[in-house]
Every structure is written in structure tokens, then in C-alpha cells.
Amino acid sequence: MRVVVDLNRCQGYAQCCYAAPGAFEVRGHEILFYDPAPPRARRGEIERAVQACPVRAISLQVDFGEAP
């Protein structure tokens with residue numbers, strides 16, 4: 001599983017931080033830090049973060065062999 005954030009599209013609304021607080025964090029003046037390869041156990045949180053982003057800057061890439 002790989003998380004990709006389009007930082008040119010991200011507007012710093014931080015909705016991802018509320019949906020997946022351990023995977024996304026805003027530091028300083030709207031600087032987004034995130035784990036690009038989170039553990040599979042966090043998939044539900046990450047999917048919520050993808051849906052919560054108002055500008056659709058976050059995408060999740062799942063390996064074909066990975067269980068849902």
C-alpha cells in the first residue's frame with residue numbers, strides 16, 4: 001500500500017489529519033507530513049483520509065496481491 005499526496009493540489013485543510021491522525025500531520029505553516037508506506041492495519045484510516053480531502057489531493061495505491 002502506498003499513499004500519494006499531490007502537494008501542489010493540497011490546500012492545508014487538514015481533514016486528513018482528523019481522519020488518520022497517525023498517518024498525516026500538519027506542522028508549522030501548512031506543511032503536511034505523511035507516511036507514504038503505512039502499515040496495512042491503517043488502511044481503513046487512510047481510505048477515510050482520501051475521502052475526507054476536499055480537493056482530492058490524496059490517493060491510495062494498493063498492490064494487486066494485497067488483501068482488502
# chains A, B, ... in the order shown; residues from 1 in each chain; ligands from 1
call {"tool": "residues_around", "arguments": {"residues": "Val50 of chain A", "least_positions_apart": "5", "cutoff": "7 Å", "atoms": "only C-alpha atoms", "output": "count of residues only"}}
result
3
call {"tool": "residues_around", "arguments": {"residues": "Gln11 of chain A", "least_positions_apart": "6", "cutoff": "9 Å", "atoms": "only C-alpha atoms", "output": "list of chain:residue names"}}
result
A:Glu30, A:Pro54, A:Val55, A:Ala57
call {"tool": "select_by_dssp", "arguments": {"residues": "segment 1-64 of chain A", "states": "alpha helix (DSSP H)", "output": "number ranges by chain"}}
result
A: 15-19, 43-52
call {"tool": "closest_residue", "arguments": {"among": "A:Arg42, A:Leu60, A:Gly22, A:Cys17", "to": "Arg2 of chain A", "atoms": "only C-alpha atoms"}}
result
A:Leu60
call {"tool": "residues_around", "arguments": {"residues": "Gly12 of chain A", "least_positions_apart": "5", "cutoff": "8 Å", "atoms": "only C-alpha atoms", "output": "list in words"}}
result
Val26, Glu30, Ile31 and Leu32 of chain A
call {"tool": "residues_around", "arguments": {"residues": "Ala49 of chain A", "least_positions_apart": "5", "cutoff": "8 Å", "atoms": "only C-alpha atoms", "output": "MDAnalysis selection string"}}
result
chainID A and resid 15:20 58
call {"tool": "select_by_dssp", "arguments": {"residues": "segment 17-53 of chain A", "states": "strand (DSSP E)", "output": "ChimeraX atom specification"}}
result
/A:24-27,31-34
call {"tool": "atom_distance", "arguments": {"atom1": "atom CA of Asp63 of chain A", "atom2": "atom CA of Arg9 of chain A"}}
result
24.3 Å
call {"tool": "residues_around", "arguments": {"residues": "Ala23 of chain A", "least_positions_apart": "4", "cutoff": "8 Å", "atoms": "only C-alpha atoms", "output": "ChimeraX atom specification"}}
result
/A:17,34-35,38,46
call {"tool": "write_last_selection", "arguments": {"atoms": "N, CA, C and O atoms", "output": "PDB file, in the first residue's frame"}}
result
ATOM      1  N   CYS A  17      -5.735  14.797   8.598  1.00  0.00           N
ATOM      2  CA  CYS A  17      -5.183  14.667   9.954  1.00  0.00           C
ATOM      3  C   CYS A  17      -6.242  14.203  10.945  1.00  0.00           C
ATOM      4  O   CYS A  17      -5.930  13.481  11.894  1.00  0.00           O
ATOM      5  N   TYR A  34       3.497  13.035   6.053  1.00  0.00           N
ATOM      6  CA  TYR A  34       2.693  11.821   5.998  1.00  0.00           C
ATOM      7  C   TYR A  34       3.587  10.615   5.768  1.00  0.00           C
ATOM      8  O   TYR A  34       4.716  10.740   5.309  1.00  0.00           O
ATOM      9  N   ASP A  35       3.053   9.463   6.092  1.00  0.00           N
ATOM     10  CA  ASP A  35       3.769   8.204   5.909  1.00  0.00           C
ATOM     11  C   ASP A  35       3.392   7.658   4.534  1.00  0.00           C
ATOM     12  O   ASP A  35       2.245   7.259   4.328  1.00  0.00           O
ATOM     13  N   PRO A  38       2.308   3.333   4.872  1.00  0.00           N
ATOM     14  CA  PRO A  38       1.800   2.966   6.196  1.00  0.00           C
ATOM     15  C   PRO A  38       1.538   1.465   6.298  1.00  0.00           C
ATOM     16  O   PRO A  38       1.386   0.777   5.282  1.00  0.00           O
ATOM     17  N   ILE A  46      -6.635   5.424   6.274  1.00  0.00           N
ATOM     18  CA  ILE A  46      -6.133   6.087   5.071  1.00  0.00           C
ATOM     19  C   ILE A  46      -7.250   6.276   4.063  1.00  0.00           C
ATOM     20  O   ILE A  46      -7.373   7.340   3.445  1.00  0.00           O
TER      21      ILE A  46
END
call {"tool": "closest_residue", "arguments": {"among": "A:Gly28, A:Phe33, A:Arg40, A:Pro21", "to": "Leu7 of chain A", "atoms": "only C-alpha atoms"}}
result
A:Phe33
call {"tool": "atom_distance", "arguments": {"atom1": "atom CA of Glu25 of chain A", "atom2": "atom CA of Glu47 of chain A"}}
result
15.8 Å
call {"tool": "decode", "arguments": {"residues": "chain A", "atoms": "C-alpha atoms", "output": "PDB file, in the first residue's frame"}}
result
ATOM      1  CA  MET A   1       0.000   0.000   0.000  1.00  0.00           C
ATOM      2  CA  ARG A   2       1.333   3.414  -0.956  1.00  0.00           C
ATOM      3  CA  VAL A   3      -0.051   6.852  -0.111  1.00  0.00           C
ATOM      4  CA  VAL A   4       0.491   9.623  -2.639  1.00  0.00           C
ATOM      5  CA  VAL A   5      -0.286  13.270  -1.893  1.00  0.00           C
ATOM      6  CA  ASP A   6      -0.290  15.873  -4.647  1.00  0.00           C
ATOM      7  CA  LEU A   7       1.314  18.696  -2.670  1.00  0.00           C
ATOM      8  CA  ASN A   8       0.547  21.162  -5.470  1.00  0.00           C
ATOM      9  CA  ARG A   9      -3.151  20.417  -5.037  1.00  0.00           C
ATOM     10  CA  CYS A  10      -3.142  20.207  -1.211  1.00  0.00           C
ATOM     11  CA  GLN A  11      -4.572  23.360   0.364  1.00  0.00           C
ATOM     12  CA  GLY A  12      -3.782  22.539   4.001  1.00  0.00           C
ATOM     13  CA  TYR A  13      -7.360  21.947   5.155  1.00  0.00           C
ATOM     14  CA  ALA A  14      -6.000  19.129   7.391  1.00  0.00           C
ATOM     15  CA  GLN A  15      -9.077  16.929   7.073  1.00  0.00           C
ATOM     16  CA  CYS A  16      -6.701  14.003   6.523  1.00  0.00           C
ATOM     17  CA  CYS A  17      -5.183  14.667   9.954  1.00  0.00           C
ATOM     18  CA  TYR A  18      -8.579  14.198  11.598  1.00  0.00           C
ATOM     19  CA  ALA A  19      -9.378  11.059   9.589  1.00  0.00           C
ATOM     20  CA  ALA A  20      -5.962   9.422  10.095  1.00  0.00           C
ATOM     21  CA  PRO A  21      -4.086  11.274  12.857  1.00  0.00           C
ATOM     22  CA  GLY A  22      -1.194   8.838  12.999  1.00  0.00           C
ATOM     23  CA  ALA A  23      -0.580   8.900   9.273  1.00  0.00           C
ATOM     24  CA  PHE A  24      -0.947  12.621   8.496  1.00  0.00           C
ATOM     25  CA  GLU A  25       0.244  15.661  10.427  1.00  0.00           C
ATOM     26  CA  VAL A  26       0.406  19.368   9.649  1.00  0.00           C
ATOM     27  CA  ARG A  27       3.429  21.128  11.114  1.00  0.00           C
ATOM     28  CA  GLY A  28       4.255  24.785  11.059  1.00  0.00           C
ATOM     29  CA  HIS A  29       2.565  26.830   8.387  1.00  0.00           C
ATOM     30  CA  GLU A  30       0.547  24.214   6.493  1.00  0.00           C
ATOM     31  CA  ILE A  31       3.431  21.763   5.966  1.00  0.00           C
ATOM     32  CA  LEU A  32       1.985  18.279   5.540  1.00  0.00           C
ATOM     33  CA  PHE A  33       3.964  15.295   6.774  1.00  0.00           C
ATOM     34  CA  TYR A  34       2.693  11.821   5.998  1.00  0.00           C
ATOM     35  CA  ASP A  35       3.769   8.204   5.909  1.00  0.00           C
ATOM     36  CA  PRO A  36       3.970   7.166   2.234  1.00  0.00           C
ATOM     37  CA  ALA A  37       4.034   3.457   3.152  1.00  0.00           C
ATOM     38  CA  PRO A  38       1.800   2.966   6.196  1.00  0.00           C
ATOM     39  CA  PRO A  39       1.155  -0.464   7.698  1.00  0.00           C
ATOM     40  CA  ARG A  40      -1.766  -2.443   6.251  1.00  0.00           C
ATOM     41  CA  ALA A  41      -3.584  -2.166   9.569  1.00  0.00           C
ATOM     42  CA  ARG A  42      -4.105   1.549   8.874  1.00  0.00           C
ATOM     43  CA  ARG A  43      -5.821   1.039   5.535  1.00  0.00           C
ATOM     44  CA  GLY A  44      -9.267   1.984   6.865  1.00  0.00           C
ATOM     45  CA  GLU A  45      -7.960   5.266   8.283  1.00  0.00           C
ATOM     46  CA  ILE A  46      -6.133   6.087   5.071  1.00  0.00           C
ATOM     47  CA  GLU A  47      -9.229   5.397   2.986  1.00  0.00           C
ATOM     48  CA  ARG A  48     -11.191   7.782   5.235  1.00  0.00           C
ATOM     49  CA  ALA A  49      -8.480  10.416   4.742  1.00  0.00           C
ATOM     50  CA  VAL A  50      -8.668  10.000   0.956  1.00  0.00           C
ATOM     51  CA  GLN A  51     -12.432  10.588   1.088  1.00  0.00           C
ATOM     52  CA  ALA A  52     -12.130  13.466   3.580  1.00  0.00           C
ATOM     53  CA  CYS A  53      -9.786  15.555   1.430  1.00  0.00           C
ATOM     54  CA  PRO A  54     -11.919  18.333  -0.077  1.00  0.00           C
ATOM     55  CA  VAL A  55      -9.538  18.874  -3.020  1.00  0.00           C
ATOM     56  CA  ARG A  56      -8.841  15.156  -3.654  1.00  0.00           C
ATOM     57  CA  ALA A  57      -5.090  15.579  -3.206  1.00  0.00           C
ATOM     58  CA  ILE A  58      -4.620  12.133  -1.625  1.00  0.00           C
ATOM     59  CA  SER A  59      -4.631   8.810  -3.410  1.00  0.00           C
ATOM     60  CA  LEU A  60      -4.044   5.275  -2.228  1.00  0.00           C
ATOM     61  CA  GLN A  61      -2.275   2.725  -4.398  1.00  0.00           C
ATOM     62  CA  VAL A  62      -2.838  -0.870  -3.356  1.00  0.00           C
ATOM     63  CA  ASP A  63      -0.763  -3.799  -4.613  1.00  0.00           C
ATOM     64  CA  PHE A  64      -2.786  -6.333  -6.593  1.00  0.00           C
ATOM     65  CA  GLY A  65      -1.703  -9.138  -4.281  1.00  0.00           C
ATOM     66  CA  GLU A  66      -2.765  -7.265  -1.145  1.00  0.00           C
ATOM     67  CA  ALA A  67      -5.921  -8.439   0.598  1.00  0.00           C
ATOM     68  CA  PRO A  68      -8.690  -5.832   1.036  1.00  0.00           C
TER      69      PRO A  68
END
